[in-house]
$ cat run11.txt   # compact mmCIF, C-alpha atoms
# COMPACT_ATOMS: atom_id res chain seq x y z
CA MET A 698 -27.13 149.73 75.92
CA ASN A 699 -25.56 150.89 72.73
CA TYR A 700 -22.16 150.30 74.27
CA LEU A 701 -23.18 146.79 75.30
CA ILE A 702 -24.40 145.93 71.82
CA HIS A 703 -21.21 147.30 70.28
CA SER A 704 -18.91 145.42 72.66
CA ARG A 705 -20.82 142.17 72.22
CA SER A 706 -20.68 142.26 68.45
CA ALA A 707 -17.02 143.28 68.60
CA PHE A 708 -16.36 140.29 70.84
CA LEU A 709 -18.18 137.95 68.47
CA PHE A 710 -16.28 139.41 65.55
CA VAL A 711 -12.98 138.68 67.29
CA VAL A 712 -14.10 135.10 68.07
CA LEU A 713 -15.16 134.54 64.48
CA PHE A 714 -11.97 136.08 63.12
CA CYS A 715 -9.88 133.78 65.30
CA MET A 716 -11.87 130.74 64.18
CA VAL A 717 -11.51 131.53 60.51
CA PHE A 718 -8.08 133.07 60.18
CA VAL A 719 -6.03 131.89 63.13
CA SER A 720 -5.20 128.19 62.97
CA PRO A 721 -5.47 126.24 66.23
CA ALA A 722 -2.21 125.84 68.16
CA GLY A 723 0.01 123.34 66.42
CA ALA A 724 -2.35 122.87 63.48
CA ASP A 725 0.49 123.58 61.08
CA ALA A 726 2.49 120.64 62.51
CA GLU A 727 2.43 117.38 60.55
CA THR A 728 -0.16 115.01 61.93
CA VAL A 729 -1.12 111.57 60.71
CA LEU A 730 -4.04 109.28 61.38
CA VAL A 731 -2.64 106.02 62.64
CA ARG A 732 -4.53 102.77 63.04
CA LYS A 733 -4.71 101.76 66.71
CA LEU A 734 -2.16 99.19 67.79
CA PRO A 735 -3.40 95.60 67.56
CA HIS A 736 -4.70 94.17 70.82
CA PRO A 737 -1.95 92.23 72.62
CA GLU A 738 -2.16 88.46 72.87
CA ILE A 739 0.29 86.73 75.17
CA ILE A 740 0.35 83.02 75.99
CA ALA A 741 -0.72 81.88 79.45
CA GLU A 742 0.11 78.61 81.20
CA ASP A 743 -1.57 77.64 84.48
CA ALA A 744 -3.16 81.10 84.58
CA LYS A 745 0.26 82.76 84.44
CA ALA A 746 2.01 84.47 81.56
CA LYS A 747 4.32 81.95 79.88
CA MET A 748 7.88 83.25 79.76
CA LEU A 749 11.53 82.37 79.34
CA TYR A 750 14.52 83.79 81.18
CA GLY A 751 16.91 85.91 79.10
CA GLU A 752 19.93 83.99 80.30
CA PHE A 753 18.25 80.71 79.36
CA ILE A 754 17.58 82.08 75.86
CA ARG A 755 21.20 83.18 75.49
CA ARG A 756 22.54 79.72 76.39
CA GLN A 757 19.89 77.97 74.32
CA GLN A 758 20.74 80.01 71.22
CA LEU A 759 24.47 79.42 71.65
CA ARG A 760 23.78 75.69 71.86
CA LEU A 761 21.37 75.68 68.90
CA HIS A 762 23.60 77.78 66.63
CA PRO A 763 27.29 76.86 66.84
CA THR A 764 27.89 79.47 64.13
CA LEU A 765 26.66 82.27 66.42
CA LYS A 766 29.29 85.01 66.85
CA ASN A 767 27.33 87.69 68.75
CA ILE A 768 24.27 87.46 70.94
CA VAL A 769 22.76 90.31 72.95
CA VAL A 770 19.84 89.59 75.28
CA GLY A 771 18.70 92.83 76.90
CA ASP A 772 15.90 91.82 79.25
CA LYS A 773 15.63 89.34 82.11
CA ARG A 774 12.34 87.67 81.13
CA TYR A 775 10.54 87.28 77.81
CA LEU A 776 6.92 86.53 77.01
CA PHE A 777 5.49 84.10 74.48
CA ILE A 778 3.00 85.79 72.16
CA THR A 779 0.50 84.40 69.65
CA ASP A 780 1.48 83.99 65.98
CA LYS A 781 -1.55 86.08 65.10
CA TRP A 782 -0.37 89.04 67.20
CA PHE A 783 3.14 88.77 65.75
CA GLN A 784 1.67 88.90 62.24
CA GLU A 785 -0.56 91.87 63.17
CA LEU A 786 2.41 93.72 64.66
CA VAL A 787 4.42 93.18 61.47
CA GLU A 788 1.55 94.51 59.35
CA TRP A 789 0.89 97.48 61.65
CA THR A 790 4.54 98.52 61.78
CA GLU A 791 5.12 98.24 58.03
CA GLU A 792 1.90 100.16 57.38
CA PHE A 793 3.07 102.88 59.80
CA PHE A 794 6.46 103.05 58.04
CA ARG A 795 4.81 103.40 54.61
CA GLN A 796 2.54 106.09 56.01
CA GLN A 797 5.51 107.98 57.47
CA VAL A 798 7.69 107.52 54.41
CA PRO A 799 5.40 107.14 51.38
CA GLU A 800 8.46 106.87 49.10
CA LEU A 801 9.03 103.35 50.52
CA GLU A 802 6.20 102.11 48.26
CA ASN A 803 7.96 103.20 45.08
CA ARG A 804 11.50 102.21 45.97
CA LYS A 805 13.05 99.06 44.55
CA ASP A 806 15.30 98.63 47.59
CA LEU A 807 14.36 99.16 51.20
CA PRO A 808 16.51 101.59 53.25
CA VAL A 809 19.66 100.00 54.53
CA ALA A 810 18.63 100.51 58.18
CA TYR A 811 15.18 98.98 57.57
CA PRO A 812 15.58 95.66 59.48
CA GLY A 813 17.04 97.21 62.65
CA THR A 814 14.43 99.97 62.70
CA LEU A 815 11.60 97.51 62.00
CA SER A 816 12.61 95.18 64.83
CA MET A 817 13.12 98.08 67.29
CA PHE A 818 9.82 99.71 66.42
CA MET A 819 7.89 96.45 66.50
CA SER A 820 9.29 95.35 69.84
CA ASN A 821 8.70 98.77 71.40
CA MET A 822 5.11 98.94 70.18
CA ALA A 823 4.51 95.41 71.48
CA ASN A 824 6.00 96.35 74.84
CA ILE A 825 3.88 99.51 75.06
CA GLN A 826 0.78 97.35 74.63
CA VAL A 827 1.93 94.78 77.18
CA SER A 828 2.83 97.44 79.77
CA ARG A 829 -0.63 99.00 79.33
CA ARG A 830 -2.71 95.83 79.43
CA TYR A 831 -0.89 93.31 81.61
CA ASN A 832 0.72 93.35 84.99
CA VAL A 833 3.80 91.31 84.08
CA GLU A 834 7.47 92.06 84.54
CA ALA A 835 8.62 90.70 81.21
CA ALA A 836 9.22 91.96 77.68
CA VAL A 837 8.02 90.76 74.31
CA LEU A 838 10.79 89.00 72.44
CA ILE A 839 11.11 90.59 69.02
CA GLY A 840 14.61 91.07 67.72
CA LEU A 841 17.03 90.94 64.88
CA MET A 842 18.85 87.91 63.52
CA VAL A 843 21.56 87.63 60.90
CA ALA A 844 22.07 84.38 58.98
CA GLU A 845 24.24 83.51 56.01
CA ASN A 846 22.13 82.71 52.98
CA ARG A 847 23.54 79.28 52.22
CA ASN A 848 20.27 77.63 51.20
CA ALA A 849 17.83 79.01 48.65
CA TRP A 850 14.53 80.21 50.12
CA GLY A 851 11.64 80.95 47.77
CA ASP A 852 13.00 83.31 45.11
CA THR A 853 16.12 84.01 47.13
CA ALA A 854 19.21 82.37 45.68
CA ALA A 855 21.81 80.79 47.95
CA ASP A 856 24.54 83.42 47.62
CA GLY A 857 26.13 82.89 51.04
CA LYS A 858 25.68 86.58 51.93
CA PRO A 859 24.52 87.60 55.43
CA ARG A 860 20.84 88.55 55.54
CA GLN A 861 18.87 90.10 58.36
CA TYR A 862 15.55 88.77 59.67
CA ILE A 863 13.07 89.65 62.37
CA VAL A 864 12.66 87.02 65.10
CA GLY A 865 9.87 86.58 67.62
CA LEU A 866 9.00 84.11 70.37
CA SER A 867 5.55 82.66 69.78
CA ARG A 868 3.46 79.74 71.06
CA ASN A 869 5.43 77.04 69.24
CA GLY A 870 8.90 78.51 69.62
CA TYR A 871 10.80 80.98 67.49
CA ILE A 872 9.28 82.57 64.44
CA VAL A 873 11.26 84.16 61.60
CA TYR A 874 10.04 87.00 59.38
CA ASP A 875 11.77 87.86 56.09
CA PHE A 876 10.71 91.47 55.39
CA ARG A 877 11.98 91.29 51.77
CA THR A 878 9.63 88.49 50.76
CA ARG A 879 7.11 88.95 53.59
CA GLN A 880 7.37 85.27 54.52
CA ILE A 881 6.91 84.09 58.10
CA VAL A 882 8.18 80.63 59.07
CA SER A 883 8.84 78.82 62.29
CA GLY A 884 12.45 78.74 63.45
CA LYS A 885 12.50 74.95 62.91
CA ASP A 886 11.58 75.36 59.23
CA PHE A 887 13.93 78.27 58.56
CA VAL A 888 16.27 76.94 55.86
CA ASN A 889 19.34 78.83 57.06
CA LYS A 890 18.94 78.04 60.77
CA ASP A 891 22.37 76.36 60.79
CA TYR A 892 24.08 79.54 59.61
CA VAL A 893 22.90 82.10 62.17
CA THR A 894 25.74 84.51 63.06
CA ASP A 895 24.19 87.33 65.13
CA ILE A 896 21.16 87.80 67.37
CA ILE A 897 20.02 90.98 69.15
CA PHE A 898 16.96 90.70 71.38
CA MET B 788 -32.51 154.28 67.68
CA ASP B 789 -34.81 151.18 67.90
CA ASN B 790 -34.04 150.44 64.25
CA CYS B 791 -30.36 150.68 64.96
CA LYS B 792 -30.68 148.33 67.96
CA GLY B 793 -32.60 145.84 65.79
CA THR B 794 -29.88 145.89 63.14
CA TYR B 795 -27.22 145.25 65.76
CA LEU B 796 -29.20 142.38 67.23
CA LYS B 797 -29.65 140.86 63.77
CA ARG B 798 -25.93 141.13 63.15
CA CYS B 799 -25.20 139.54 66.48
CA CYS B 800 -27.58 136.66 65.73
CA THR B 801 -25.98 136.18 62.30
CA LEU B 802 -22.54 136.07 63.89
CA VAL B 803 -23.63 133.56 66.53
CA VAL B 804 -25.21 131.30 63.91
CA THR B 805 -22.12 131.56 61.66
CA ALA B 806 -19.84 130.81 64.59
CA PHE B 807 -21.95 127.78 65.48
CA VAL B 808 -21.97 126.46 61.90
CA LEU B 809 -18.21 126.94 61.62
CA SER B 810 -17.52 125.21 64.92
CA VAL B 811 -19.64 122.22 63.82
CA PHE B 812 -17.72 122.20 60.52
CA TYR B 813 -14.36 122.31 62.33
CA ALA B 814 -15.38 119.54 64.72
CA ALA B 815 -16.55 117.34 61.82
CA ALA B 816 -13.36 118.02 59.87
CA GLU B 817 -11.17 117.12 62.85
CA ALA B 818 -13.09 114.01 63.92
CA VAL B 819 -10.87 110.95 64.13
CA PRO B 820 -12.46 107.79 62.70
CA ASP B 821 -13.04 104.82 64.99
CA GLY B 822 -10.02 102.59 65.41
CA TYR B 823 -7.57 105.41 64.58
CA VAL B 824 -5.55 107.90 66.59
CA GLU B 825 -4.07 111.18 65.48
CA VAL B 826 -0.31 111.32 65.92
CA ARG B 827 1.71 114.50 65.64
CA MET B 828 5.08 113.97 63.97
CA PRO B 829 8.41 115.66 64.72
CA GLU B 830 9.78 118.36 62.41
CA ALA B 831 11.62 117.40 59.22
CA PHE B 832 15.14 116.07 59.73
CA VAL B 833 17.93 118.62 59.36
CA PRO B 834 21.49 117.34 58.93
CA ALA B 835 24.60 119.10 60.17
CA THR B 836 26.54 120.40 57.18
CA MET B 837 30.10 120.69 55.97
CA ASN B 838 31.56 124.02 54.83
CA ASP B 839 30.40 123.33 51.27
CA GLY B 840 26.81 122.77 52.47
CA SER B 841 26.83 118.98 52.00
CA PRO B 842 25.54 116.75 54.83
CA ARG B 843 28.05 115.69 57.45
CA TYR B 844 28.72 111.99 58.14
CA ILE B 845 30.72 109.96 60.65
CA THR B 846 31.86 106.33 60.41
CA ALA B 847 31.25 103.58 62.97
CA ARG B 848 35.02 103.27 63.42
CA GLU B 849 35.30 106.94 64.40
CA ILE B 850 32.42 106.55 66.87
CA ARG B 851 33.96 103.38 68.27
CA ALA B 852 37.39 105.02 68.66
CA GLU B 853 35.93 107.97 70.59
CA LEU B 854 33.88 105.74 72.91
CA LYS B 855 36.87 103.50 73.52
CA ARG B 856 38.98 106.56 74.34
CA GLN B 857 36.44 107.80 76.90
CA SER B 858 35.39 104.51 78.52
CA SER B 859 37.68 102.02 80.20
CA ASP B 860 34.74 99.57 80.52
CA PHE B 861 33.83 99.76 76.82
CA VAL B 862 32.80 96.31 75.50
CA GLU B 863 31.56 96.65 71.92
CA LEU B 864 29.82 98.84 69.38
CA PHE B 865 27.09 96.95 67.49
CA TRP B 866 26.03 98.30 64.13
CA ASN B 867 24.74 97.15 60.76
CA SER B 868 27.90 96.62 58.72
CA ASP B 869 25.98 97.50 55.52
CA ILE B 870 26.00 101.10 56.71
CA GLU B 871 29.32 102.72 55.90
CA GLN B 872 28.67 106.12 57.41
CA PHE B 873 26.11 107.69 59.70
CA ILE B 874 24.50 111.05 59.02
CA VAL B 875 25.11 113.70 61.68
CA PRO B 876 21.95 115.56 62.79
CA ARG B 877 21.95 119.29 63.45
CA HIS B 878 22.02 119.92 67.17
CA ASP B 879 18.86 122.03 67.35
CA TRP B 880 16.91 119.38 65.40
CA LEU B 881 18.01 116.74 67.90
CA VAL B 882 16.91 118.96 70.79
CA HIS B 883 13.53 119.43 69.06
CA LEU B 884 13.20 115.65 68.52
CA THR B 885 13.90 114.96 72.19
CA GLN B 886 11.30 117.53 73.29
CA TYR B 887 8.80 116.09 70.79
CA TYR B 888 9.46 112.64 72.24
CA LEU B 889 8.78 113.82 75.80
CA THR B 890 5.43 115.22 74.66
CA PHE B 891 4.70 111.94 72.84
CA LEU B 892 5.43 109.93 76.01
CA LYS B 893 3.29 112.26 78.11
CA SER B 894 0.33 112.29 75.74
CA ASN B 895 0.42 108.47 75.55
CA ARG B 896 0.77 108.25 79.33
CA LEU B 897 3.84 106.04 79.04
CA ARG B 898 5.55 105.46 82.34
CA GLY B 899 8.44 103.18 83.17
CA LYS B 900 7.53 99.59 84.05
CA ALA B 901 10.12 96.92 84.86
CA GLU B 902 11.16 94.90 81.78
CA SER B 903 8.21 95.70 79.51
CA TRP B 904 8.79 99.46 79.30
CA ASP B 905 12.16 100.41 80.74
CA CYS B 906 15.20 102.53 79.94
CA GLU B 907 16.15 100.47 76.86
CA ASN B 908 12.70 100.99 75.38
CA TYR B 909 12.82 104.75 76.03
CA SER B 910 16.16 104.98 74.20
CA SER B 911 15.54 102.62 71.30
CA LEU B 912 12.11 104.02 70.36
CA LEU B 913 13.52 107.54 70.10
CA ASN B 914 16.18 106.08 67.81
CA ALA B 915 13.56 104.49 65.59
CA PHE B 916 11.61 107.80 65.35
CA ALA B 917 14.81 109.57 64.30
CA THR B 918 15.48 106.99 61.57
CA LEU B 919 11.97 107.40 60.14
CA ARG B 920 12.46 111.18 59.87
CA ILE B 921 15.86 110.63 58.23
CA TRP B 922 14.29 108.37 55.56
CA ARG B 923 11.51 110.89 55.06
CA ALA B 924 14.17 113.49 54.29
CA GLY B 925 15.48 111.18 51.54
CA PHE B 926 18.55 109.66 53.22
CA TYR B 927 17.96 105.96 52.60
CA ASP B 928 21.54 104.68 52.53
CA THR B 929 22.36 105.67 56.05
CA ARG B 930 20.91 106.15 59.50
CA GLY B 931 21.52 108.83 62.09
CA ALA B 932 24.63 109.08 64.23
CA ILE B 933 22.22 108.41 67.08
CA GLY B 934 22.23 105.28 69.19
CA TRP B 935 21.80 103.93 72.66
CA LEU B 936 24.17 102.48 75.19
CA GLN B 937 24.34 100.55 78.41
CA VAL B 938 26.23 102.05 81.31
CA ASP B 939 27.00 100.74 84.77
CA ALA B 940 26.51 104.17 86.34
CA LYS B 941 28.46 104.82 89.53
CA GLN B 942 27.24 108.38 89.96
CA GLU B 943 23.81 109.95 89.84
CA TRP B 944 23.06 111.96 86.70
CA ALA B 945 19.92 113.58 85.27
CA GLY B 946 17.99 112.67 88.39
CA LEU B 947 18.58 108.95 87.93
CA PRO B 948 20.36 106.88 90.57
CA ALA B 949 23.70 105.13 90.18
CA ALA B 950 22.74 101.77 88.65
CA LYS B 951 22.87 99.82 85.39
CA HIS B 952 21.04 101.97 82.90
CA ALA B 953 20.40 102.54 79.19
CA LEU B 954 20.78 106.02 77.69
CA MET B 955 20.81 107.62 74.28
CA PHE B 956 23.86 109.08 72.65
CA ALA B 957 24.24 111.19 69.56
CA ILE B 958 26.83 113.04 67.56
CA THR B 959 25.96 116.54 66.33
CA GLU B 960 28.05 119.40 64.93
CA LYS B 961 28.70 120.32 68.58
CA GLY B 962 30.24 116.95 69.50
CA PHE B 963 29.33 113.67 71.24
CA PHE B 964 26.36 113.88 73.60
CA ILE B 965 24.72 111.61 76.17
CA ILE B 966 20.96 112.09 76.42
CA GLU B 967 18.46 110.93 79.02
CA PRO B 968 15.32 110.30 76.93
CA GLN B 969 13.09 110.19 80.01
CA ASN B 970 13.64 113.88 80.79
CA GLY B 971 15.46 115.34 77.77
CA GLN B 972 18.73 116.19 79.55
CA PHE B 973 21.85 116.51 77.37
CA ILE B 974 25.50 116.39 78.44
CA GLN B 975 28.74 116.34 76.43
CA LEU B 976 30.33 112.88 76.56
CA GLU B 977 33.52 114.38 78.02
CA GLU B 978 31.57 115.84 80.93
CA TYR B 979 29.35 112.82 81.56
CA PRO B 980 30.25 111.59 85.08
CA ASN B 981 29.84 107.89 84.17
CA LYS B 982 31.65 107.99 80.82
CA LYS B 983 34.28 105.48 82.02
CA HIS B 984 31.57 102.90 82.64
CA ILE B 985 29.92 102.87 79.21
CA GLN B 986 29.79 99.23 78.11
CA GLU B 987 27.76 98.09 75.09
CA VAL B 988 26.76 100.61 72.46
CA PHE B 989 24.13 100.07 69.76
CA LEU B 990 23.64 101.90 66.49
CA PHE B 991 20.31 100.19 65.72
$ encode --input "run11.txt" --output "structure tokens"
Amino acid sequence: MNYLIHSRSAFLFVVLFCMVFVSPAGADAETVLVRKLPHPEIIAEDAKAKMLYGEFIRRQQLRLHPTLKNIVVGDKRYLFITDKWFQELVEWTEEFFRQQVPELENRKDLPVAYPGTLSMFMSNMANIQVSRRYNVEAAVLIGLMVAENRNAWGDTAADGKPRQYIVGLSRNGYIVYDFRTRQIVSGKDFVNKDYVTDIIF
Amino acid sequence: MDNCKGTYLKRCCTLVVTAFVLSVFYAAAEAVPDGYVEVRMPEAFVPATMNDGSPRYITAREIRAELKRQSSDFVELFWNSDIEQFIVPRHDWLVHLTQYYLTFLKSNRLRGKAESWDCENYSSLLNAFATLRIWRAGFYDTRGAIGWLQVDAKQEWAGLPAAKHALMFAITEKGFFIIEPQNGQFIQLEEYPNKKHIQEVFLF
């Protein structure tokens, strides 16, 4: 009996010691609490997901932008998404970036690779959501666009320099996001639409 | 003897109660609020270094020249021309990042799905994770010498059939590497069986 009591208390002591002094596996690794990804919203037409063929987009963009030098269209089919979801994805991704790199808040200039990383991250997160929730063989169109800054836009002077933007395909056509000023406009209203030089979708 | 047994029992009860209280405390401390998920991040970025201890860089032109030398089907290297040079990661950090990524994919139950989650997504998301860690380490004027490429594979490699495919590539202190992000396999560019069929390469 004595032996039993001794072994039981010794066992409990070991359990308690482990709980207090030994951290759980991986507890020393950096973990962050991340807001769940916004619920996906794609556009449907006749009960089917509305989409455009990649090749059609490539030809359309070449026709719309005679100044276009490079265009890369990676997928075969692209989905239309709601403006609201595009906006939520922008907010989620930028919040995640600031959480990962808190110094971004205090910096005057964004990192030089910011636009490419933002568009890649956004499109991948959007595609994760689509692949989880919908049974469609198509990707969300979120990519990178470069346009020469020939016309002033808000506080941005017309200096003629190339500037990068995030582009999406939403209900009413293309949508352009300027991450420097946090403005979102439709492709039709984008002041430098006639000076687009590069597109990567 | 009875006294002694009583003392032991009291101690046992105290330990059980303490263990219970502590486990409740731990559970409460680790609870994730509604609408949030806990994400484990990869280890801090470690650059490859020069002899003087400064970080090692490579230019897009050097990367382009090497890819052009190895691939007869090479089309173009796309990169942000604002970036003059790309920081070279230390090889063991890159291996860690790839392993971290495999765990991330597994824990999020991400499996390939035509178009919406395919080889390009696997490669480009790993790239984006690497860039975030590079910024976190304070390197804001560059990005990693890590990218992704499209290859018209003629031979099977890393368990994937001969077909058009997207893969990762990276430059470390040990050289140019091709990486399959879906299973973490590495191979030196020179030994990669489909190196001649590398087409478009992206440093984004």
$ atom_distance --input "run11.txt" --atom1 "CA of Ile921 (chain B)" --atom2 "CA of Pro799 (chain A)"
13.0 Å
$ closest_atom_pairs --input "run11.txt" --of "region 794-868 of chain A" --to "region 899-908 of chain B" --cutoff "9 Å" --atoms "only C-alpha atoms" --output "Markdown table"
| residue | atom | partner | partner_atom | distance |
| --- | --- | --- | --- | --- |
| A:Met817 | CA | B:Asn908 | CA | 8.6 |
| A:Ser820 | CA | B:Asn908 | CA | 8.6 |
| A:Asn821 | CA | B:Asn908 | CA | 6.1 |
| A:Ala823 | CA | B:Ser903 | CA | 8.8 |
| A:Asn824 | CA | B:Ser903 | CA | 5.2 |
| A:Ile825 | CA | B:Trp904 | CA | 6.5 |
| A:Val827 | CA | B:Ser903 | CA | 6.8 |
| A:Ser828 | CA | B:Ser903 | CA | 5.7 |
| A:Val833 | CA | B:Ser903 | CA | 7.7 |
| A:Glu834 | CA | B:Glu902 | CA | 5.4 |
| A:Ala835 | CA | B:Glu902 | CA | 4.9 |
| A:Ala836 | CA | B:Ser903 | CA | 4.3 |
| A:Val837 | CA | B:Ser903 | CA | 7.2 |
$ closest_residue --input "run11.txt" --among "B:Leu947, B:Leu897, B:Ala940, B:Ile974" --to "chain A" --atoms "all atoms listed in the file"
B:Leu897
$ residues_around --input "run11.txt" --residues "Arg795 (chain A)" --least-positions-apart "3" --cutoff "12 Å" --atoms "only C-alpha atoms" --output "ChimeraX atom specification"
/A:729,731,788-792,798-804,807-808,811,815 /B:919,922-923
$ atom_distance --input "run11.txt" --atom1 "CA of Leu881 (chain B)" --atom2 "CA of Ala852 (chain B)"
22.7 Å
$ residues_around --input "run11.txt" --residues "Trp850 (chain A)" --least-positions-apart "3" --cutoff "12 Å" --atoms "all atoms listed in the file" --output "MDAnalysis selection string"
chainID A and resid 845:847 853:857 860 875 877:882 886:890
